[in-house]
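Here is final.cif, consisting of mmCIF, N, CA and C atoms:
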data_data
loop_
_atom_site.label_atom_id
_atom_site.label_comp_id
_atom_site.auth_asym_id
_atom_site.auth_seq_id
_atom_site.Cartn_x
_atom_site.Cartn_y
_atom_site.Cartn_z
N MET A 1 -1.02 -35.02 182.29
CA MET A 1 -0.07 -36.02 182.71
C MET A 1 -0.79 -37.04 183.59
N ARG A 2 -0.45 -38.29 183.41
CA ARG A 2 -0.98 -39.37 184.25
C ARG A 2 -0.37 -39.30 185.64
N TRP A 3 -1.07 -39.88 186.63
CA TRP A 3 -0.54 -39.90 188.00
C TRP A 3 0.82 -40.58 188.04
N ALA A 4 0.98 -41.68 187.31
CA ALA A 4 2.26 -42.40 187.32
C ALA A 4 3.40 -41.52 186.83
N ASP A 5 3.16 -40.69 185.84
CA ASP A 5 4.18 -39.78 185.32
C ASP A 5 4.50 -38.69 186.35
N PHE A 6 3.46 -38.16 186.97
CA PHE A 6 3.65 -37.19 188.05
C PHE A 6 4.48 -37.80 189.18
N ALA A 7 4.14 -39.03 189.57
CA ALA A 7 4.86 -39.71 190.65
C ALA A 7 6.31 -39.97 190.29
N ALA A 8 6.59 -40.25 189.02
CA ALA A 8 7.98 -40.46 188.60
C ALA A 8 8.77 -39.15 188.66
N ASP A 9 8.10 -38.04 188.38
CA ASP A 9 8.77 -36.74 188.36
C ASP A 9 8.89 -36.12 189.75
N ALA A 10 7.90 -36.38 190.61
CA ALA A 10 7.88 -35.79 191.95
C ALA A 10 7.45 -36.86 192.96
N PRO A 11 8.30 -37.87 193.21
CA PRO A 11 7.87 -39.02 194.02
C PRO A 11 7.44 -38.69 195.44
N GLU A 12 8.15 -37.80 196.11
CA GLU A 12 7.79 -37.48 197.49
C GLU A 12 6.45 -36.74 197.56
N LEU A 13 6.26 -35.80 196.66
CA LEU A 13 5.00 -35.05 196.63
C LEU A 13 3.84 -35.97 196.26
N ALA A 14 4.04 -36.85 195.30
CA ALA A 14 2.99 -37.79 194.89
C ALA A 14 2.66 -38.76 196.03
N ALA A 15 3.66 -39.22 196.75
CA ALA A 15 3.42 -40.14 197.88
C ALA A 15 2.62 -39.42 198.97
N PHE A 16 2.99 -38.19 199.27
CA PHE A 16 2.25 -37.40 200.25
C PHE A 16 0.81 -37.22 199.78
N GLY A 17 0.64 -36.87 198.51
CA GLY A 17 -0.70 -36.68 197.95
C GLY A 17 -1.54 -37.93 198.00
N ALA A 18 -0.96 -39.06 197.66
CA ALA A 18 -1.70 -40.33 197.69
C ALA A 18 -2.15 -40.64 199.11
N THR A 19 -1.28 -40.39 200.09
CA THR A 19 -1.65 -40.64 201.49
C THR A 19 -2.78 -39.73 201.92
N ARG A 20 -2.67 -38.45 201.63
CA ARG A 20 -3.70 -37.48 202.05
C ARG A 20 -5.02 -37.71 201.31
N LEU A 21 -4.98 -37.98 200.01
CA LEU A 21 -6.22 -38.20 199.27
C LEU A 21 -6.89 -39.50 199.68
N GLY A 22 -6.12 -40.46 200.18
CA GLY A 22 -6.69 -41.72 200.61
C GLY A 22 -7.12 -41.75 202.07
N ALA A 23 -6.86 -40.68 202.82
CA ALA A 23 -7.12 -40.68 204.25
C ALA A 23 -8.58 -40.41 204.61
N ALA A 24 -9.30 -39.71 203.77
CA ALA A 24 -10.69 -39.34 204.06
C ALA A 24 -11.35 -38.92 202.75
N VAL A 25 -12.61 -38.58 202.85
CA VAL A 25 -13.30 -38.05 201.68
C VAL A 25 -12.57 -36.80 201.22
N ALA A 26 -12.39 -36.67 199.91
CA ALA A 26 -11.78 -35.48 199.32
C ALA A 26 -12.89 -34.66 198.66
N TYR A 27 -12.54 -33.49 198.18
CA TYR A 27 -13.52 -32.60 197.58
C TYR A 27 -13.03 -32.14 196.21
N ILE A 28 -13.90 -32.31 195.21
CA ILE A 28 -13.57 -31.87 193.86
C ILE A 28 -14.39 -30.64 193.53
N ALA A 29 -13.75 -29.68 192.92
CA ALA A 29 -14.42 -28.47 192.45
C ALA A 29 -14.37 -28.46 190.93
N THR A 30 -15.51 -28.14 190.34
CA THR A 30 -15.62 -27.96 188.90
C THR A 30 -16.40 -26.67 188.67
N ALA A 31 -16.57 -26.30 187.42
CA ALA A 31 -17.37 -25.12 187.08
C ALA A 31 -18.53 -25.54 186.19
N SER A 32 -19.70 -25.00 186.50
CA SER A 32 -20.89 -25.27 185.69
C SER A 32 -20.75 -24.57 184.34
N ALA A 33 -21.68 -24.85 183.44
CA ALA A 33 -21.67 -24.20 182.12
C ALA A 33 -21.79 -22.68 182.25
N GLU A 34 -22.43 -22.22 183.33
CA GLU A 34 -22.58 -20.78 183.57
C GLU A 34 -21.35 -20.19 184.25
N GLY A 35 -20.41 -21.04 184.64
CA GLY A 35 -19.19 -20.57 185.27
C GLY A 35 -19.24 -20.55 186.79
N THR A 36 -20.35 -20.98 187.38
CA THR A 36 -20.42 -20.99 188.83
C THR A 36 -19.69 -22.20 189.38
N PRO A 37 -19.03 -22.05 190.52
CA PRO A 37 -18.29 -23.18 191.08
C PRO A 37 -19.21 -24.22 191.71
N ARG A 38 -18.76 -25.47 191.67
CA ARG A 38 -19.45 -26.57 192.34
C ARG A 38 -18.39 -27.33 193.14
N VAL A 39 -18.78 -27.82 194.30
CA VAL A 39 -17.89 -28.64 195.12
C VAL A 39 -18.64 -29.91 195.50
N HIS A 40 -17.97 -31.06 195.34
CA HIS A 40 -18.59 -32.35 195.60
C HIS A 40 -17.63 -33.24 196.39
N PRO A 41 -18.15 -34.02 197.35
CA PRO A 41 -17.30 -35.01 198.02
C PRO A 41 -17.05 -36.19 197.09
N VAL A 42 -15.84 -36.72 197.10
CA VAL A 42 -15.47 -37.84 196.24
C VAL A 42 -14.49 -38.76 196.97
N THR A 43 -14.34 -39.96 196.42
CA THR A 43 -13.35 -40.92 196.92
C THR A 43 -12.39 -41.23 195.77
N PRO A 44 -11.26 -40.53 195.71
CA PRO A 44 -10.31 -40.76 194.61
C PRO A 44 -9.68 -42.14 194.68
N ILE A 45 -9.31 -42.64 193.52
CA ILE A 45 -8.60 -43.91 193.39
C ILE A 45 -7.29 -43.59 192.69
N ILE A 46 -6.19 -44.02 193.29
CA ILE A 46 -4.88 -43.74 192.71
C ILE A 46 -4.21 -45.04 192.35
N SER A 47 -3.85 -45.15 191.08
CA SER A 47 -3.02 -46.26 190.58
C SER A 47 -2.08 -45.62 189.56
N ASP A 48 -2.06 -46.10 188.35
CA ASP A 48 -1.28 -45.43 187.32
C ASP A 48 -1.94 -44.12 186.90
N GLU A 49 -3.22 -44.01 187.17
CA GLU A 49 -4.02 -42.81 186.91
C GLU A 49 -4.67 -42.37 188.22
N LEU A 50 -5.20 -41.17 188.21
CA LEU A 50 -6.04 -40.66 189.28
C LEU A 50 -7.47 -40.80 188.78
N TYR A 51 -8.24 -41.67 189.42
CA TYR A 51 -9.58 -42.01 188.95
C TYR A 51 -10.66 -41.53 189.91
N LEU A 52 -11.85 -41.30 189.34
CA LEU A 52 -13.07 -41.04 190.11
C LEU A 52 -14.22 -41.79 189.47
N PHE A 53 -14.94 -42.57 190.25
CA PHE A 53 -16.21 -43.13 189.83
C PHE A 53 -17.31 -42.19 190.31
N MET A 54 -18.39 -42.12 189.54
CA MET A 54 -19.51 -41.27 189.95
C MET A 54 -20.80 -41.69 189.27
N GLU A 55 -21.89 -41.19 189.81
CA GLU A 55 -23.20 -41.43 189.21
C GLU A 55 -23.21 -40.88 187.77
N PRO A 56 -23.90 -41.56 186.86
CA PRO A 56 -23.91 -41.10 185.47
C PRO A 56 -24.46 -39.69 185.26
N LYS A 57 -25.39 -39.25 186.11
CA LYS A 57 -25.99 -37.92 185.94
C LYS A 57 -25.38 -36.87 186.87
N SER A 58 -24.24 -37.17 187.44
CA SER A 58 -23.59 -36.24 188.36
C SER A 58 -23.24 -34.93 187.65
N PRO A 59 -23.55 -33.79 188.27
CA PRO A 59 -23.16 -32.51 187.68
C PRO A 59 -21.64 -32.39 187.46
N LYS A 60 -20.85 -32.95 188.37
CA LYS A 60 -19.39 -32.86 188.20
C LYS A 60 -18.94 -33.61 186.96
N GLY A 61 -19.57 -34.74 186.68
CA GLY A 61 -19.24 -35.49 185.47
C GLY A 61 -19.59 -34.72 184.22
N LYS A 62 -20.75 -34.07 184.23
CA LYS A 62 -21.14 -33.24 183.08
C LYS A 62 -20.15 -32.10 182.89
N ASP A 63 -19.71 -31.49 184.00
CA ASP A 63 -18.72 -30.41 183.91
C ASP A 63 -17.42 -30.93 183.30
N LEU A 64 -16.94 -32.07 183.77
CA LEU A 64 -15.68 -32.63 183.25
C LEU A 64 -15.80 -32.99 181.77
N GLN A 65 -16.93 -33.55 181.37
CA GLN A 65 -17.12 -33.90 179.96
C GLN A 65 -17.17 -32.66 179.09
N ARG A 66 -17.66 -31.56 179.62
CA ARG A 66 -17.75 -30.31 178.88
C ARG A 66 -16.38 -29.62 178.77
N GLY A 67 -15.40 -30.10 179.55
CA GLY A 67 -14.06 -29.52 179.48
C GLY A 67 -13.67 -28.66 180.66
N SER A 68 -14.54 -28.59 181.67
CA SER A 68 -14.19 -27.81 182.86
C SER A 68 -12.93 -28.38 183.50
N ALA A 69 -12.07 -27.50 183.94
CA ALA A 69 -10.95 -27.93 184.76
C ALA A 69 -11.50 -28.36 186.11
N TYR A 70 -10.68 -29.06 186.88
CA TYR A 70 -11.06 -29.47 188.23
C TYR A 70 -9.95 -29.09 189.18
N SER A 71 -10.30 -28.99 190.45
CA SER A 71 -9.35 -28.95 191.57
C SER A 71 -9.83 -30.00 192.55
N LEU A 72 -8.91 -30.80 193.05
CA LEU A 72 -9.22 -31.86 194.00
C LEU A 72 -8.41 -31.61 195.26
N HIS A 73 -9.08 -31.47 196.40
CA HIS A 73 -8.44 -31.16 197.67
C HIS A 73 -8.72 -32.27 198.66
N CYS A 74 -7.70 -32.68 199.40
CA CYS A 74 -7.88 -33.72 200.42
C CYS A 74 -8.72 -33.18 201.57
N GLY A 75 -9.30 -34.09 202.33
CA GLY A 75 -9.90 -33.69 203.60
C GLY A 75 -8.78 -33.37 204.57
N VAL A 76 -9.05 -32.52 205.55
CA VAL A 76 -8.04 -32.21 206.55
C VAL A 76 -8.47 -32.78 207.89
N ALA A 77 -7.49 -33.10 208.72
CA ALA A 77 -7.74 -33.79 209.98
C ALA A 77 -8.43 -32.92 211.02
N ASP A 78 -8.16 -31.61 210.99
CA ASP A 78 -8.75 -30.72 211.99
C ASP A 78 -8.67 -29.28 211.49
N SER A 79 -9.17 -28.35 212.29
CA SER A 79 -9.21 -26.95 211.86
C SER A 79 -7.83 -26.30 211.79
N SER A 80 -6.81 -26.99 212.27
CA SER A 80 -5.44 -26.49 212.17
C SER A 80 -4.71 -27.06 210.95
N GLY A 81 -5.43 -27.80 210.12
CA GLY A 81 -4.79 -28.40 208.94
C GLY A 81 -3.92 -29.58 209.29
N GLY A 82 -4.21 -30.22 210.41
CA GLY A 82 -3.41 -31.35 210.88
C GLY A 82 -3.13 -32.37 209.79
N GLN A 83 -1.92 -32.86 209.75
CA GLN A 83 -1.40 -33.83 208.78
C GLN A 83 -1.20 -33.24 207.39
N GLY A 84 -1.56 -31.98 207.21
CA GLY A 84 -1.26 -31.29 205.97
C GLY A 84 -2.37 -31.31 204.95
N GLU A 85 -2.18 -30.46 203.96
CA GLU A 85 -3.11 -30.32 202.85
C GLU A 85 -2.43 -30.76 201.56
N PHE A 86 -3.24 -31.25 200.63
CA PHE A 86 -2.76 -31.58 199.30
C PHE A 86 -3.88 -31.28 198.32
N TYR A 87 -3.52 -30.64 197.22
CA TYR A 87 -4.50 -30.53 196.15
C TYR A 87 -3.81 -30.64 194.80
N VAL A 88 -4.63 -30.99 193.83
CA VAL A 88 -4.16 -31.22 192.47
C VAL A 88 -5.18 -30.60 191.52
N ARG A 89 -4.71 -30.13 190.37
CA ARG A 89 -5.59 -29.55 189.35
C ARG A 89 -5.32 -30.20 188.01
N GLY A 90 -6.32 -30.18 187.16
CA GLY A 90 -6.17 -30.69 185.80
C GLY A 90 -7.51 -30.76 185.09
N HIS A 91 -7.65 -31.75 184.23
CA HIS A 91 -8.88 -31.98 183.45
C HIS A 91 -9.25 -33.45 183.52
N GLY A 92 -10.50 -33.75 183.27
CA GLY A 92 -10.98 -35.13 183.32
C GLY A 92 -11.19 -35.72 181.94
N ARG A 93 -11.09 -37.03 181.88
CA ARG A 93 -11.33 -37.79 180.64
C ARG A 93 -12.26 -38.93 180.99
N LEU A 94 -13.40 -39.02 180.29
CA LEU A 94 -14.33 -40.12 180.48
C LEU A 94 -13.68 -41.40 180.01
N VAL A 95 -13.68 -42.43 180.86
CA VAL A 95 -13.08 -43.72 180.54
C VAL A 95 -14.18 -44.65 180.04
N THR A 96 -13.99 -45.17 178.83
CA THR A 96 -14.96 -46.12 178.26
C THR A 96 -14.34 -47.48 177.99
N ASP A 97 -13.04 -47.59 178.09
CA ASP A 97 -12.34 -48.84 177.83
C ASP A 97 -12.57 -49.82 178.99
N PRO A 98 -13.12 -51.02 178.72
CA PRO A 98 -13.38 -51.99 179.80
C PRO A 98 -12.12 -52.43 180.54
N ALA A 99 -10.99 -52.54 179.86
CA ALA A 99 -9.75 -52.96 180.53
C ALA A 99 -9.28 -51.88 181.50
N GLU A 100 -9.40 -50.62 181.12
CA GLU A 100 -9.01 -49.53 182.02
C GLU A 100 -9.97 -49.46 183.21
N ARG A 101 -11.25 -49.67 182.96
CA ARG A 101 -12.22 -49.69 184.05
C ARG A 101 -11.88 -50.81 185.04
N ALA A 102 -11.51 -51.96 184.52
CA ALA A 102 -11.14 -53.09 185.38
C ALA A 102 -9.93 -52.74 186.25
N ARG A 103 -8.95 -52.01 185.69
CA ARG A 103 -7.78 -51.60 186.48
C ARG A 103 -8.21 -50.64 187.60
N ALA A 104 -9.12 -49.72 187.30
CA ALA A 104 -9.60 -48.79 188.32
C ALA A 104 -10.38 -49.53 189.41
N LEU A 105 -11.21 -50.48 189.01
CA LEU A 105 -11.96 -51.28 189.98
C LEU A 105 -11.01 -52.05 190.90
N ALA A 106 -9.97 -52.61 190.33
CA ALA A 106 -9.00 -53.38 191.12
C ALA A 106 -8.27 -52.51 192.13
N ALA A 107 -8.09 -51.23 191.82
CA ALA A 107 -7.37 -50.32 192.71
C ALA A 107 -8.28 -49.63 193.73
N ALA A 108 -9.59 -49.75 193.57
CA ALA A 108 -10.54 -49.04 194.43
C ALA A 108 -10.56 -49.62 195.84
N SER A 109 -10.77 -48.74 196.81
CA SER A 109 -10.89 -49.15 198.22
C SER A 109 -12.34 -49.47 198.59
N TYR A 110 -13.22 -49.39 197.63
CA TYR A 110 -14.64 -49.68 197.82
C TYR A 110 -15.15 -50.34 196.55
N ALA A 111 -16.41 -50.74 196.54
CA ALA A 111 -16.99 -51.42 195.37
C ALA A 111 -17.91 -50.46 194.61
N PRO A 112 -17.39 -49.80 193.58
CA PRO A 112 -18.22 -48.90 192.79
C PRO A 112 -19.37 -49.66 192.11
N ALA A 113 -20.53 -49.04 192.06
CA ALA A 113 -21.68 -49.66 191.41
C ALA A 113 -21.44 -49.79 189.92
N ASP A 114 -22.02 -50.80 189.33
CA ASP A 114 -21.87 -51.04 187.89
C ASP A 114 -22.33 -49.85 187.06
N ARG A 115 -23.32 -49.11 187.55
CA ARG A 115 -23.87 -47.98 186.79
C ARG A 115 -22.94 -46.75 186.79
N TYR A 116 -21.98 -46.71 187.70
CA TYR A 116 -21.11 -45.54 187.81
C TYR A 116 -20.27 -45.35 186.55
N VAL A 117 -20.07 -44.11 186.19
CA VAL A 117 -19.13 -43.78 185.11
C VAL A 117 -17.77 -43.52 185.75
N LEU A 118 -16.74 -43.60 184.94
CA LEU A 118 -15.37 -43.46 185.43
C LEU A 118 -14.67 -42.33 184.69
N PHE A 119 -13.94 -41.53 185.44
CA PHE A 119 -13.11 -40.49 184.86
C PHE A 119 -11.66 -40.69 185.31
N ALA A 120 -10.74 -40.46 184.39
CA ALA A 120 -9.32 -40.34 184.70
C ALA A 120 -9.01 -38.85 184.75
N LEU A 121 -8.33 -38.42 185.80
CA LEU A 121 -8.02 -37.00 185.98
C LEU A 121 -6.56 -36.75 185.69
N SER A 122 -6.29 -35.82 184.81
CA SER A 122 -4.90 -35.45 184.53
C SER A 122 -4.33 -34.67 185.71
N VAL A 123 -3.02 -34.72 185.85
CA VAL A 123 -2.33 -33.95 186.88
C VAL A 123 -1.54 -32.86 186.15
N GLU A 124 -1.99 -31.63 186.35
CA GLU A 124 -1.35 -30.49 185.70
C GLU A 124 -0.67 -29.56 186.70
N PHE A 125 -1.08 -29.66 187.96
CA PHE A 125 -0.50 -28.87 189.04
C PHE A 125 -0.79 -29.60 190.35
N ALA A 126 0.17 -29.62 191.26
CA ALA A 126 -0.03 -30.22 192.58
C ALA A 126 0.63 -29.34 193.63
N PHE A 127 0.06 -29.35 194.83
CA PHE A 127 0.53 -28.49 195.91
C PHE A 127 0.31 -29.19 197.25
N MET A 128 1.28 -29.06 198.13
CA MET A 128 1.13 -29.55 199.49
C MET A 128 1.51 -28.44 200.46
N ASN A 129 0.90 -28.49 201.65
CA ASN A 129 1.18 -27.54 202.70
C ASN A 129 1.08 -28.29 204.01
N VAL A 130 2.16 -28.35 204.76
CA VAL A 130 2.16 -28.97 206.07
C VAL A 130 2.47 -27.88 207.08
N TYR A 131 1.58 -27.72 208.05
CA TYR A 131 1.74 -26.68 209.05
C TYR A 131 2.68 -27.16 210.15
N THR A 132 3.65 -26.32 210.49
CA THR A 132 4.60 -26.63 211.54
C THR A 132 4.61 -25.47 212.54
N GLU A 133 5.37 -25.61 213.61
CA GLU A 133 5.47 -24.52 214.59
C GLU A 133 6.17 -23.30 213.99
N ASN A 134 7.03 -23.53 213.03
CA ASN A 134 7.74 -22.43 212.38
C ASN A 134 7.05 -22.10 211.07
N GLU A 135 7.79 -22.05 210.02
CA GLU A 135 7.22 -21.78 208.69
C GLU A 135 6.53 -23.03 208.15
N PRO A 136 5.41 -22.85 207.45
CA PRO A 136 4.77 -24.02 206.82
C PRO A 136 5.73 -24.65 205.80
N LEU A 137 5.63 -25.96 205.66
CA LEU A 137 6.41 -26.69 204.67
C LEU A 137 5.55 -26.79 203.42
N ARG A 138 5.99 -26.16 202.35
CA ARG A 138 5.21 -26.13 201.11
C ARG A 138 6.03 -26.70 199.97
N GLN A 139 5.33 -27.37 199.09
CA GLN A 139 5.95 -27.87 197.87
C GLN A 139 4.92 -27.82 196.76
N ARG A 140 5.36 -27.45 195.58
CA ARG A 140 4.47 -27.40 194.44
C ARG A 140 5.11 -28.08 193.25
N TRP A 141 4.27 -28.52 192.33
CA TRP A 141 4.73 -29.14 191.10
C TRP A 141 3.82 -28.67 189.97
N PRO A 142 4.30 -28.32 188.81
CA PRO A 142 5.73 -28.23 188.54
C PRO A 142 6.35 -27.10 189.35
N ARG A 143 7.66 -27.25 189.57
CA ARG A 143 8.38 -26.31 190.43
C ARG A 143 8.56 -24.98 189.76
#

Turn the structure described in the file into structure tokens.
Amino acid sequence: MRWADFAADAPELAAFGATRLGAAVAYIATASAEGTPRVHPVTPIISDELYLFMEPKSPKGKDLQRGSAYSLHCGVADSSGGQGEFYVRGHGRLVTDPAERARALAAASYAPADRYVLFALSVEFAFMNVYTENEPLRQRWPR
């Protein structure tokens, strides 16, 4: 599912996720061909899709092209999980269409290098957790 479709179905969760993923460097996890986990810092771009630009030889890009699922987790403000956690899971798609690349560039908060490759990440599961004095506030999608 595209980010826009996820946002239409779960607007509050998507808004929280967009805020948290845009607040600091996030971390993407993929699996190597041998099945070992990898974690990489990334700067997600959210528009109608959830995008990531990366170096052409990035191991995470090779994992996504091979069909590895991903998990993307926001950075947290402190060791108490301040401002909450958000993560999303799905699969990546290499973007080769120049018009789609232009849309991702227009939505980026930084200037990706021309050599970077672009991936659109599907949203197949999303989760938030906000720590409170009482019970944590949790929401997941799909419900």

Which residue out of A:Pro59, A:Pro11, A:Pro142, A:Gly17 has the minimum interatomic distance to A:Arg38 when only N, CA and C atoms are used?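 Once distances to A:Arg38 are computed over only N, CA and C atoms, the minimum belongs to A:Pro59.
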
Quick check on the file I pasted: which residues fall under the PyMOL selection byres (((chain A and resi 116 and name CA) around 12) and name CA)? Write them as a PyMOL selection string. chain A and resi 52-58+61+94-96+101+104-105+111-115+117-119

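Among the candidates A:Glu34, A:His73, A:Thr19, A:Asp48, the residue lying nearest to A:Ala4 is A:Asp48 (atoms considered: only N, CA and C atoms).
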
Any chance you could work out the residue set of the PyMOL selection byres (((chain A and resi 127 and name CA) around 10) and name CA) here, as a VMD selection string? chain A and resid 13 to 14 17 73 85 to 89 125 to 126 128 to 129 138 to 143

Every residue of stretch 7-135 of chain A that DSSP places in strand (DSSP E or B), as a ChimeraX atom specification: /A:26-31,37-42,45-46,50-54,69-73,85-95,117-121,125-130

Work out how far apart atom N of A:Ala120 and atom C of A:Arg20 are and give it in Å to one decimal.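 Between these atoms lies a distance of 18.1 Å.
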
Would you give me, as a ChimeraX atom specification, the residues in chain A that DSSP reads as helix (DSSP H, G or I)? /A:3-9,11-23,59-66,98-107

The PyMOL selection byres ((chain A and resi 90) around 6.5) on the file shown: which residues, as number ranges by chain? A: 68-72, 88-89, 91-92, 121-125

Could you please take those selected residues and save N, CA and C atoms as a short mmCIF file (atom, residue, chain, number, x, y, z; two decimals), in the coordinates of the input?
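Listed below is the output, part-v2.cif:
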data_model
loop_
_atom_site.label_atom_id
_atom_site.label_comp_id
_atom_site.auth_asym_id
_atom_site.auth_seq_id
_atom_site.Cartn_x
_atom_site.Cartn_y
_atom_site.Cartn_z
N SER A 68 -14.54 -28.59 181.67
CA SER A 68 -14.19 -27.81 182.86
C SER A 68 -12.93 -28.38 183.50
N ALA A 69 -12.07 -27.50 183.94
CA ALA A 69 -10.95 -27.93 184.76
C ALA A 69 -11.50 -28.36 186.11
N TYR A 70 -10.68 -29.06 186.88
CA TYR A 70 -11.06 -29.47 188.23
C TYR A 70 -9.95 -29.09 189.18
N SER A 71 -10.30 -28.99 190.45
CA SER A 71 -9.35 -28.95 191.57
C SER A 71 -9.83 -30.00 192.55
N LEU A 72 -8.91 -30.80 193.05
CA LEU A 72 -9.22 -31.86 194.00
C LEU A 72 -8.41 -31.61 195.26
N VAL A 88 -4.63 -30.99 193.83
CA VAL A 88 -4.16 -31.22 192.47
C VAL A 88 -5.18 -30.60 191.52
N ARG A 89 -4.71 -30.13 190.37
CA ARG A 89 -5.59 -29.55 189.35
C ARG A 89 -5.32 -30.20 188.01
N HIS A 91 -7.65 -31.75 184.23
CA HIS A 91 -8.88 -31.98 183.45
C HIS A 91 -9.25 -33.45 183.52
N GLY A 92 -10.50 -33.75 183.27
CA GLY A 92 -10.98 -35.13 183.32
C GLY A 92 -11.19 -35.72 181.94
N LEU A 121 -8.33 -38.42 185.80
CA LEU A 121 -8.02 -37.00 185.98
C LEU A 121 -6.56 -36.75 185.69
N SER A 122 -6.29 -35.82 184.81
CA SER A 122 -4.90 -35.45 184.53
C SER A 122 -4.33 -34.67 185.71
N VAL A 123 -3.02 -34.72 185.85
CA VAL A 123 -2.33 -33.95 186.88
C VAL A 123 -1.54 -32.86 186.15
N GLU A 124 -1.99 -31.63 186.35
CA GLU A 124 -1.35 -30.49 185.70
C GLU A 124 -0.67 -29.56 186.70
N PHE A 125 -1.08 -29.66 187.96
CA PHE A 125 -0.50 -28.87 189.04
C PHE A 125 -0.79 -29.60 190.35
#

Among the residues A:Tyr27, A:Tyr110, A:Trp3, A:Tyr131, the one that comes closest to A:Pro41 [using only N, CA and C atoms]: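 With only N, CA and C atoms as the atom set, the closest residue is A:Tyr27.
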
Between A:Val42, A:Glu12, A:Asn134, A:Asp78, which residue has the minimum interatomic distance to A:Val25, considering all atoms listed in the file?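 Checking each candidate against A:Val25, we get A:Val42 as the closest.
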
How many Å separate atom CA of A:Ala23 from atom CA of A:Asp63?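 Atom CA of A:Ala23 sits 25.6 Å away from atom CA of A:Asp63.
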
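The gap separating atom CA of A:Ala24 from atom CA of A:Ala77 is 8.6 Å, in Å to one decimal.
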
Name all residues at most 10 Å from A:Ala108 (count only C-alpha atoms; drop same-chain ones fewer than 5 positions away) and give them as a PyMOL selection string. chain A and resi 43-47+51-53+102-103
